[in-house]
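Containing CSV, C-alpha atoms: work.csv.
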```
chain,number,residue,atom,x,y,z
T,574,MET,CA,54.8,-75.8,-87.8
T,575,SER,CA,55.8,-79.3,-87.2
T,576,ASN,CA,54.0,-82.4,-88.2
T,577,GLN,CA,53.3,-83.1,-84.7
T,578,ASP,CA,51.3,-79.9,-84.4
T,579,GLU,CA,49.3,-80.6,-87.5
T,580,THR,CA,48.2,-84.2,-86.5
T,581,PRO,CA,45.0,-84.1,-84.6
T,582,GLU,CA,44.9,-85.4,-81.0
T,583,LYS,CA,43.7,-89.0,-80.9
T,584,ALA,CA,40.6,-90.0,-78.9
T,585,PRO,CA,41.2,-92.3,-75.8
T,586,LYS,CA,40.6,-96.0,-76.4
T,587,PRO,CA,37.6,-97.6,-74.6
T,588,ALA,CA,38.3,-100.0,-71.8
T,589,PRO,CA,38.3,-103.6,-72.8
T,590,GLU,CA,35.1,-105.5,-72.1
T,591,ASN,CA,35.0,-108.2,-69.4
T,592,PRO,CA,34.7,-111.5,-71.2
T,593,LEU,CA,32.7,-113.1,-68.3
T,594,ARG,CA,30.0,-110.5,-68.7
T,595,LYS,CA,28.9,-112.0,-72.0
T,596,LYS,CA,28.6,-115.5,-70.7
T,597,LEU,CA,26.0,-114.5,-68.0
T,598,PRO,CA,22.4,-114.2,-69.2
T,599,GLU,CA,21.0,-110.8,-68.7
T,600,GLU,CA,17.4,-111.7,-67.8
T,601,VAL,CA,18.1,-114.5,-65.2
T,602,PRO,CA,16.3,-113.4,-62.0
T,603,ALA,CA,18.1,-113.4,-58.7
T,604,GLU,CA,17.8,-116.6,-56.7
T,605,ALA,CA,16.0,-116.6,-53.4
T,606,PRO,CA,18.2,-116.7,-50.3
T,607,GLU,CA,18.9,-120.0,-48.5
T,608,ALA,CA,16.8,-119.1,-45.5
T,609,SER,CA,13.7,-118.5,-47.5
T,610,ARG,CA,14.1,-121.8,-49.3
T,611,THR,CA,14.5,-123.8,-46.1
T,612,GLU,CA,11.6,-122.0,-44.1
T,613,ALA,CA,9.0,-122.7,-46.7
T,614,PRO,CA,8.8,-126.5,-46.4
T,615,GLU,CA,8.8,-126.3,-42.6
T,616,THR,CA,5.9,-123.8,-42.7
T,617,LEU,CA,4.0,-126.1,-45.0
T,618,LYS,CA,4.6,-129.0,-42.7
T,619,THR,CA,3.4,-127.1,-39.6
T,620,GLU,CA,0.2,-126.0,-41.3
T,621,ALA,CA,-0.4,-129.5,-42.5
T,622,SER,CA,0.1,-131.0,-39.0
T,623,GLU,CA,-2.2,-128.4,-37.3
T,624,ALA,CA,-5.0,-128.7,-39.7
T,625,PRO,CA,-6.0,-132.3,-38.7
T,626,GLU,CA,-5.9,-131.5,-35.0
T,627,THR,CA,-8.5,-128.8,-35.1
T,628,GLU,CA,-10.9,-130.7,-37.4
T,629,PRO,CA,-11.9,-133.4,-34.8
T,630,GLU,CA,-12.6,-130.9,-32.1
T,631,GLN,CA,-14.9,-129.0,-34.3
T,632,ALA,CA,-16.6,-132.2,-35.5
T,633,GLY,CA,-17.3,-133.8,-31.9
T,634,PRO,CA,-20.5,-133.0,-30.0
T,635,THR,CA,-20.5,-130.6,-27.1
T,636,LEU,CA,-21.6,-132.2,-23.7
T,637,SER,CA,-23.8,-130.3,-21.2
T,638,GLY,CA,-23.0,-130.0,-17.5
T,639,ARG,CA,-25.7,-132.6,-16.6
T,640,GLN,CA,-24.4,-135.1,-19.1
T,641,ARG,CA,-20.8,-134.7,-17.7
T,642,LEU,CA,-22.2,-135.3,-14.2
T,643,VAL,CA,-24.0,-138.5,-15.3
T,644,ASN,CA,-20.9,-139.7,-17.0
T,645,GLY,CA,-18.9,-139.1,-13.8
T,646,LEU,CA,-21.4,-141.0,-11.6
T,647,TRP,CA,-22.4,-143.9,-13.7
T,648,PRO,CA,-21.2,-146.5,-14.0
T,649,PRO,CA,-20.2,-146.4,-10.2
T,650,ARG,CA,-16.6,-146.9,-9.5
T,651,LEU,CA,-16.3,-148.0,-5.8
T,652,SER,CA,-13.1,-148.7,-4.0
T,653,ARG,CA,-12.8,-151.5,-1.3
T,654,ALA,CA,-12.9,-149.0,1.5
T,655,GLN,CA,-16.0,-147.3,0.1
T,656,PHE,CA,-17.7,-150.7,-0.2
T,657,ILE,CA,-16.9,-151.6,3.4
T,658,VAL,CA,-18.3,-148.3,4.7
T,659,ALA,CA,-21.5,-148.7,2.7
T,660,LEU,CA,-21.9,-152.2,4.1
T,661,LEU,CA,-21.5,-151.0,7.7
T,662,LEU,CA,-24.0,-148.2,7.1
T,663,PHE,CA,-26.5,-150.7,5.8
T,664,GLY,CA,-26.0,-152.9,8.9
T,665,LEU,CA,-26.4,-150.0,11.2
T,666,GLY,CA,-29.6,-148.8,9.5
T,667,PHE,CA,-31.0,-152.4,9.7
T,668,GLY,CA,-30.2,-152.6,13.4
T,669,LEU,CA,-31.9,-149.3,14.1
T,670,ALA,CA,-35.0,-150.4,12.2
T,671,VAL,CA,-35.2,-153.7,14.2
T,672,GLN,CA,-34.8,-151.8,17.5
T,673,VAL,CA,-37.5,-149.3,16.6
T,674,ALA,CA,-39.8,-152.1,15.7
T,675,SER,CA,-39.2,-154.0,18.9
T,676,ASN,CA,-39.7,-150.9,21.0
T,677,SER,CA,-43.0,-150.2,19.2
T,678,ASP,CA,-44.1,-153.8,20.0
T,679,GLY,CA,-43.2,-153.3,23.7
T,680,ASP,CA,-45.0,-150.0,23.9
T,681,GLY,CA,-48.1,-151.6,22.4
T,682,ALA,CA,-48.0,-154.4,25.1
T,683,LEU,CA,-47.7,-151.8,27.9
T,684,ARG,CA,-50.6,-149.8,26.6
T,685,GLY,CA,-53.0,-152.7,27.1
T,686,ALA,CA,-51.7,-153.4,30.7
T,687,ARG,CA,-53.8,-152.6,33.8
T,688,GLN,CA,-52.8,-149.9,36.1
T,689,GLU,CA,-52.0,-152.4,38.9
T,690,ASP,CA,-49.6,-154.3,36.5
T,691,LEU,CA,-47.9,-151.0,35.5
T,692,VAL,CA,-47.4,-150.1,39.1
T,693,ARG,CA,-45.9,-153.5,39.8
T,694,ILE,CA,-43.6,-153.3,36.8
T,695,LEU,CA,-42.4,-149.9,37.9
T,696,ASP,CA,-41.7,-151.1,41.4
T,697,GLU,CA,-39.7,-154.0,40.1
T,698,LEU,CA,-37.8,-151.8,37.8
T,699,ASP,CA,-37.0,-149.4,40.7
T,700,ASP,CA,-35.8,-152.3,42.9
T,701,ARG,CA,-33.7,-153.7,40.1
T,702,THR,CA,-32.2,-150.3,39.4
T,703,GLN,CA,-31.4,-149.8,43.0
T,704,ARG,CA,-29.7,-153.2,43.2
T,705,LEU,CA,-27.7,-152.5,40.0
T,706,GLU,CA,-26.6,-149.1,41.4
T,707,GLU,CA,-25.4,-150.8,44.6
T,708,GLU,CA,-23.5,-153.4,42.7
T,709,LYS,CA,-22.0,-150.7,40.4
T,710,ARG,CA,-20.8,-148.8,43.4
T,711,GLY,CA,-19.2,-151.9,44.9
T,712,LEU,CA,-17.5,-152.7,41.7
T,713,GLU,CA,-16.3,-149.1,41.3
T,714,ASP,CA,-14.8,-149.3,44.8
T,715,GLN,CA,-13.0,-152.5,44.0
T,716,ARG,CA,-11.7,-151.0,40.8
T,717,THR,CA,-10.5,-147.9,42.7
T,718,GLU,CA,-8.7,-150.0,45.2
T,719,LEU,CA,-7.0,-152.0,42.5
T,720,GLU,CA,-5.9,-148.9,40.6
T,721,ASN,CA,-4.6,-147.1,43.7
T,722,SER,CA,-2.8,-150.1,45.1
T,723,SER,CA,0.9,-150.2,44.5
T,724,ASP,CA,0.8,-154.0,44.1
T,725,GLN,CA,-2.3,-155.0,42.3
T,726,ALA,CA,-1.6,-158.7,42.6
T,727,GLU,CA,-1.3,-158.4,46.4
T,728,GLU,CA,-4.6,-156.5,46.6
T,729,ALA,CA,-6.3,-159.1,44.4
T,730,ARG,CA,-5.0,-161.8,46.8
T,731,LYS,CA,-6.4,-160.0,49.8
T,732,GLN,CA,-9.8,-159.7,48.1
T,733,THR,CA,-9.7,-163.4,47.3
T,734,VAL,CA,-8.9,-164.3,51.0
T,735,GLU,CA,-11.7,-162.0,52.2
T,736,LYS,CA,-14.1,-163.6,49.8
T,737,GLU,CA,-13.1,-167.0,51.0
T,738,LYS,CA,-13.8,-166.0,54.6
T,739,GLN,CA,-17.2,-164.7,53.7
T,740,LEU,CA,-18.1,-167.9,51.9
T,741,GLY,CA,-16.7,-169.9,54.9
T,742,ILE,CA,-19.0,-168.0,57.3
T,743,LEU,CA,-22.0,-168.9,55.2
T,744,ALA,CA,-20.9,-172.5,54.9
T,745,GLY,CA,-20.1,-172.7,58.6
T,746,THR,CA,-16.4,-173.6,58.2
T,747,VAL,CA,-15.1,-170.3,59.6
T,748,ALA,CA,-15.9,-168.7,63.0
T,749,ALA,CA,-17.6,-165.4,63.0
T,750,GLN,CA,-18.3,-162.5,65.3
T,751,GLY,CA,-20.3,-159.3,65.1
T,752,PRO,CA,-23.4,-157.6,66.5
T,753,GLY,CA,-26.5,-159.6,67.0
T,754,ILE,CA,-28.8,-161.1,69.6
T,755,THR,CA,-29.0,-164.1,72.0
T,756,LEU,CA,-32.3,-166.0,72.0
T,757,THR,CA,-32.8,-168.2,75.0
T,758,ILE,CA,-35.8,-170.7,75.1
T,759,ASP,CA,-36.3,-172.4,78.5
T,760,ASP,CA,-38.6,-175.4,78.1
T,761,THR,CA,-39.3,-176.6,81.6
T,762,LYS,CA,-42.5,-178.5,80.5
T,763,GLY,CA,-40.9,-180.2,77.5
T,764,THR,CA,-43.5,-178.9,75.1
T,765,VAL,CA,-41.2,-177.3,72.6
T,766,GLU,CA,-40.8,-179.4,69.5
T,767,ALA,CA,-38.4,-179.3,66.5
T,768,ASP,CA,-40.8,-177.5,64.2
T,769,MET,CA,-41.0,-174.6,66.6
T,770,LEU,CA,-37.3,-174.2,66.7
T,771,LEU,CA,-37.2,-174.5,62.9
T,772,ASP,CA,-39.7,-171.7,62.6
T,773,ALA,CA,-37.5,-169.6,64.8
T,774,ILE,CA,-34.5,-170.3,62.5
T,775,GLN,CA,-36.5,-169.4,59.4
T,776,GLU,CA,-37.7,-166.2,60.9
T,777,LEU,CA,-34.2,-165.2,61.9
T,778,ARG,CA,-32.9,-165.9,58.4
T,779,ALA,CA,-35.7,-163.9,56.8
T,780,ALA,CA,-34.7,-161.0,59.1
T,781,GLY,CA,-31.1,-161.0,57.9
T,782,ALA,CA,-29.3,-163.4,60.2
T,783,GLU,CA,-25.8,-164.2,58.7
T,784,ALA,CA,-24.6,-166.8,61.2
T,785,ILE,CA,-26.6,-169.0,63.7
T,786,GLN,CA,-25.5,-171.4,66.4
T,787,VAL,CA,-27.8,-173.5,68.6
T,788,ASN,CA,-26.3,-175.1,71.7
T,789,GLY,CA,-22.9,-175.6,70.1
T,790,VAL,CA,-24.2,-176.8,66.7
T,791,ARG,CA,-23.7,-174.5,63.6
T,792,VAL,CA,-26.8,-173.9,61.6
T,793,VAL,CA,-26.2,-173.9,57.8
T,794,ALA,CA,-28.3,-174.1,54.7
T,795,SER,CA,-28.5,-177.9,54.9
T,796,THR,CA,-29.4,-178.0,58.6
T,797,TYR,CA,-32.4,-180.2,59.6
T,798,LEU,CA,-34.2,-180.6,63.0
T,799,THR,CA,-36.1,-183.6,64.3
T,800,ASP,CA,-37.6,-184.6,67.7
T,801,ALA,CA,-35.2,-186.7,69.6
T,802,SER,CA,-36.4,-189.9,71.4
T,803,GLY,CA,-36.7,-189.4,75.1
T,804,GLY,CA,-37.2,-185.6,74.8
T,805,GLY,CA,-35.3,-182.8,73.3
T,806,VAL,CA,-34.5,-182.0,69.7
T,807,SER,CA,-31.9,-183.3,67.3
T,808,VAL,CA,-30.0,-180.8,65.1
T,809,ASP,CA,-28.2,-182.5,62.1
T,810,GLY,CA,-28.1,-185.7,64.2
T,811,ASN,CA,-26.8,-183.9,67.3
T,812,LYS,CA,-29.2,-184.1,70.3
T,813,ILE,CA,-29.6,-180.9,72.2
T,814,SER,CA,-31.5,-180.3,75.4
T,815,PRO,CA,-33.3,-177.2,76.9
T,816,PRO,CA,-32.6,-174.5,77.5
T,817,TYR,CA,-32.1,-173.8,73.8
T,818,ARG,CA,-29.6,-171.0,73.3
T,819,PHE,CA,-29.4,-169.3,69.9
T,820,LYS,CA,-26.5,-167.1,69.1
T,821,VAL,CA,-27.3,-165.0,66.0
T,822,ILE,CA,-25.2,-162.5,64.1
T,823,GLY,CA,-27.0,-159.8,62.3
T,824,ARG,CA,-28.6,-156.4,62.7
T,825,PRO,CA,-30.2,-156.4,66.1
T,826,GLN,CA,-32.7,-153.7,65.1
T,827,ASP,CA,-34.1,-156.2,62.5
T,828,LEU,CA,-33.7,-159.5,64.4
T,829,GLU,CA,-35.5,-158.7,67.6
T,830,PRO,CA,-38.7,-157.2,66.1
T,831,ALA,CA,-39.0,-160.2,63.7
T,832,LEU,CA,-39.3,-162.5,66.7
T,833,ASN,CA,-41.8,-160.3,68.6
T,834,ILE,CA,-44.3,-159.7,65.8
T,835,PRO,CA,-47.9,-160.6,66.7
T,836,GLY,CA,-48.4,-164.3,66.2
T,837,GLY,CA,-44.7,-164.8,65.7
T,838,VAL,CA,-42.1,-167.0,67.3
T,839,VAL,CA,-42.2,-165.6,70.8
T,840,GLN,CA,-46.0,-165.7,71.2
T,841,THR,CA,-46.1,-169.2,69.9
T,842,LEU,CA,-43.5,-170.5,72.3
T,843,GLU,CA,-45.1,-168.7,75.2
T,844,LYS,CA,-48.4,-170.4,74.4
T,845,GLU,CA,-46.5,-173.7,75.0
T,846,GLN,CA,-45.5,-172.4,78.5
T,847,ALA,CA,-41.9,-171.8,77.4
T,848,THR,CA,-39.9,-168.8,78.6
T,849,VAL,CA,-38.3,-166.7,75.9
T,850,THR,CA,-35.6,-164.1,76.4
T,851,VAL,CA,-34.1,-161.9,73.7
T,852,GLU,CA,-30.9,-159.9,74.4
T,853,ARG,CA,-29.1,-157.6,72.1
T,854,SER,CA,-25.3,-157.4,72.0
T,855,ASP,CA,-22.6,-155.5,70.1
T,856,LYS,CA,-20.5,-158.7,69.9
T,857,ILE,CA,-21.8,-162.2,69.4
T,858,VAL,CA,-19.2,-165.0,68.8
T,859,VAL,CA,-20.3,-167.9,66.7
T,860,ASP,CA,-17.4,-170.4,67.0
T,861,ALA,CA,-19.1,-173.7,66.3
T,862,LEU,CA,-17.7,-175.1,63.0
T,863,ARG,CA,-18.9,-177.6,60.4
T,864,PRO,CA,-16.4,-179.7,58.5
T,865,ALA,CA,-15.9,-178.8,54.8
T,866,LYS,CA,-17.6,-181.6,52.9
T,867,GLN,CA,-16.5,-182.4,49.4
T,868,PRO,CA,-19.5,-182.7,47.1
T,869,ASP,CA,-19.9,-186.1,45.4
T,870,TYR,CA,-21.3,-184.8,42.1
T,871,ALA,CA,-21.2,-181.0,41.9
T,872,ARG,CA,-18.2,-179.5,40.3
T,873,SER,CA,-17.2,-175.9,39.7
T,874,SER,CA,-18.2,-174.6,36.3
T,875,SER,CA,-15.6,-171.8,36.2
T,876,PRO,CA,-12.3,-172.6,34.4
```
In structure tokens, how does this file's structure come out?
Amino acid sequence: MSNQDETPEKAPKPAPENPLRKKLPEEVPAEAPEASRTEAPETLKTEASEAPETEPEQAGPTLSGRQRLVNGLWPPRLSRAQFIVALLLFGLGFGLAVQVASNSDGDGALRGARQEDLVRILDELDDRTQRLEEEKRGLEDQRTELENSSDQAEEARKQTVEKEKQLGILAGTVAAQGPGITLTIDDTKGTVEADMLLDAIQELRAAGAEAIQVNGVRVVASTYLTDASGGGVSVDGNKISPPYRFKVIGRPQDLEPALNIPGGVVQTLEKEQATVTVERSDKIVVDALRPAKQPDYARSSSP
């Protein structure tokens, strides 16, 4: 047998040891990851910031519903508009209180009035109400005419001219015509005096005469009558002789009965042996005119 057969087989050599392994300590714990190291401070900061916020809420007192309502209403916070509304409501309440008080005083005065006075007051109120209603209807008719007119200025001018004519008739500066009566007084004895003719004019005016003419002389508000020397009567300085002829424009149904009442104008003239005749007519023309006189002192107060 050869020497090679007799030599025992050598054991395998161990692997060489890593020199870096010896330098690392064996018991050093593994370090925490980067994420855990960065999250920890942020968590601490969040907890530190939340803690102070919750403490004041727990420390403050809890308000009830009534206390919150009082805090909302007082002190009052009024805006300018609310202040103006409150002032207007105060003024309205004050006015109502004054009106109620005045009505109470008026009712107290009426309670002590006599029945005759109350009846008279009611009659006056009825008459006033009727006049106001008539005036209202007239104004409403004028308003309707103005509204319906295509040219309101022309309509207003027409109304002005018509009003001027009406005033001219009353002043005696414009001729007039219409229904009325003719009163003729024939004084053959010469016993009719100026005051008797004046009574006839006053009675005709009271009955609603709108225009009067006596023997060619227009009778107006300033007309005066006097007895003329040598007989006859003077009207506004114009001497007239019998027969006295009155032309009167008005409602005949009112004028004639006013002259024929017992103890009236006709009976008085007949006692003086004068002949009186009253005739109704649908058209009486009063054409005697008076000059328009400019007043010396009176001036219009309208602008």
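Candidate residues T:Glu707, T:Val747, T:Glu689, T:Leu662 were compared for distance to T:Glu735, and the nearest is T:Val747, using only C-alpha atoms.
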Taking all atoms listed in the file into account, produce a table as CSV in which each residue of stretch 717-814 of chain T with an atom at most 10 Å from an atom of stretch 858-864 of chain T appears once, together with its shortest atom pair and the distance in Å to one decimal, ordered by chain and rising number.
```
residue,atom,partner,partner_atom,distance
T:Gly741,CA,T:Leu862,CA,9.7
T:Ile742,CA,T:Leu862,CA,9.2
T:Ala744,CA,T:Arg863,CA,7.8
T:Gly745,CA,T:Arg863,CA,5.4
T:Thr746,CA,T:Leu862,CA,5.2
T:Val747,CA,T:Leu862,CA,6.4
T:Ala748,CA,T:Asp860,CA,4.6
T:Ala749,CA,T:Val859,CA,5.2
T:Gln750,CA,T:Val858,CA,4.4
T:Gly751,CA,T:Val858,CA,6.9
T:Pro752,CA,T:Val858,CA,8.8
T:Gly753,CA,T:Val858,CA,9.3
T:Ala784,CA,T:Val859,CA,7.1
T:Ile785,CA,T:Val859,CA,7.1
T:Gln786,CA,T:Val859,CA,6.3
T:Val787,CA,T:Ala861,CA,9.0
T:Asn788,CA,T:Ala861,CA,9.1
T:Gly789,CA,T:Ala861,CA,5.7
T:Val790,CA,T:Ala861,CA,6.0
T:Arg791,CA,T:Ala861,CA,5.4
T:Val792,CA,T:Arg863,CA,8.8
T:Val793,CA,T:Arg863,CA,8.6
```
Rounded to one decimal place, report the atom CA of T:Leu743-atom CA of T:Ala794 distance in Å. 8.2 Å
In Å to one decimal, how far is atom CA of T:Val838 from atom CA of T:Glu776?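 Taking atom CA of T:Glu776 as the start and atom CA of T:Val838 as the end point, the length is 7.8 Å.
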Using atom CA of T:Asp800 and atom CA of T:Glu845 as the two end points, give the distance in Å to one decimal.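 So the two atoms, atom CA of T:Asp800 and atom CA of T:Glu845, lie 15.9 Å apart.
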With only C-alpha atoms as the basis for distance, which of T:Leu771, T:Arg818, T:Arg701, T:Glu737 is at the shortest distance from T:Thr796?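 Of T:Leu771, T:Arg818, T:Arg701, T:Glu737, the one nearest T:Thr796 is T:Leu771, counting only C-alpha atoms.
For T:Glu852, the set of protein, DNA and RNA residues having any atom at most 8 Å away, when counting only C-alpha atoms and skipping those fewer than 5 positions along the same chain, is Ile754, Thr755 and Leu756 of chain T.
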Could you turn the residues from that selection into a file that holds C-alpha atoms, as a compact mmCIF listing (two decimals), in the frame of the given file?
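Wrote again38.txt, looks like this:
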```txt
# COMPACT_ATOMS: atom_id res chain seq x y z
CA ILE T 754 -28.80 -161.10 69.60
CA THR T 755 -29.00 -164.10 72.00
CA LEU T 756 -32.30 -166.00 72.00
```
Extract, using all atoms listed in the file, all DNA, RNA and protein residues at most 9 Å from T:Leu842, discarding same-chain residues fewer than 4 positions from it, and format them as an NGL selection string. :T and (758 or 764-765 or 769 or 837-838 or 846-849)
Write out as number ranges by chain the residues lying within 10 Å of T:Leu719, counting only C-alpha atoms and excluding same-chain residues fewer than 6 positions away. T: 713, 725-729, 732
Can those selected residues be exported to a file as a PDB file, in the coordinates of the input so that it contains C-alpha atoms?
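After the write, selection.pdb holds the following:
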```
ATOM      1  CA  GLU T 713     -16.300-149.100  41.300  1.00  0.00           C
ATOM      2  CA  GLN T 725      -2.300-155.000  42.300  1.00  0.00           C
ATOM      3  CA  ALA T 726      -1.600-158.700  42.600  1.00  0.00           C
ATOM      4  CA  GLU T 727      -1.300-158.400  46.400  1.00  0.00           C
ATOM      5  CA  GLU T 728      -4.600-156.500  46.600  1.00  0.00           C
ATOM      6  CA  ALA T 729      -6.300-159.100  44.400  1.00  0.00           C
ATOM      7  CA  GLN T 732      -9.800-159.700  48.100  1.00  0.00           C
TER       8      GLN T 732
END
```
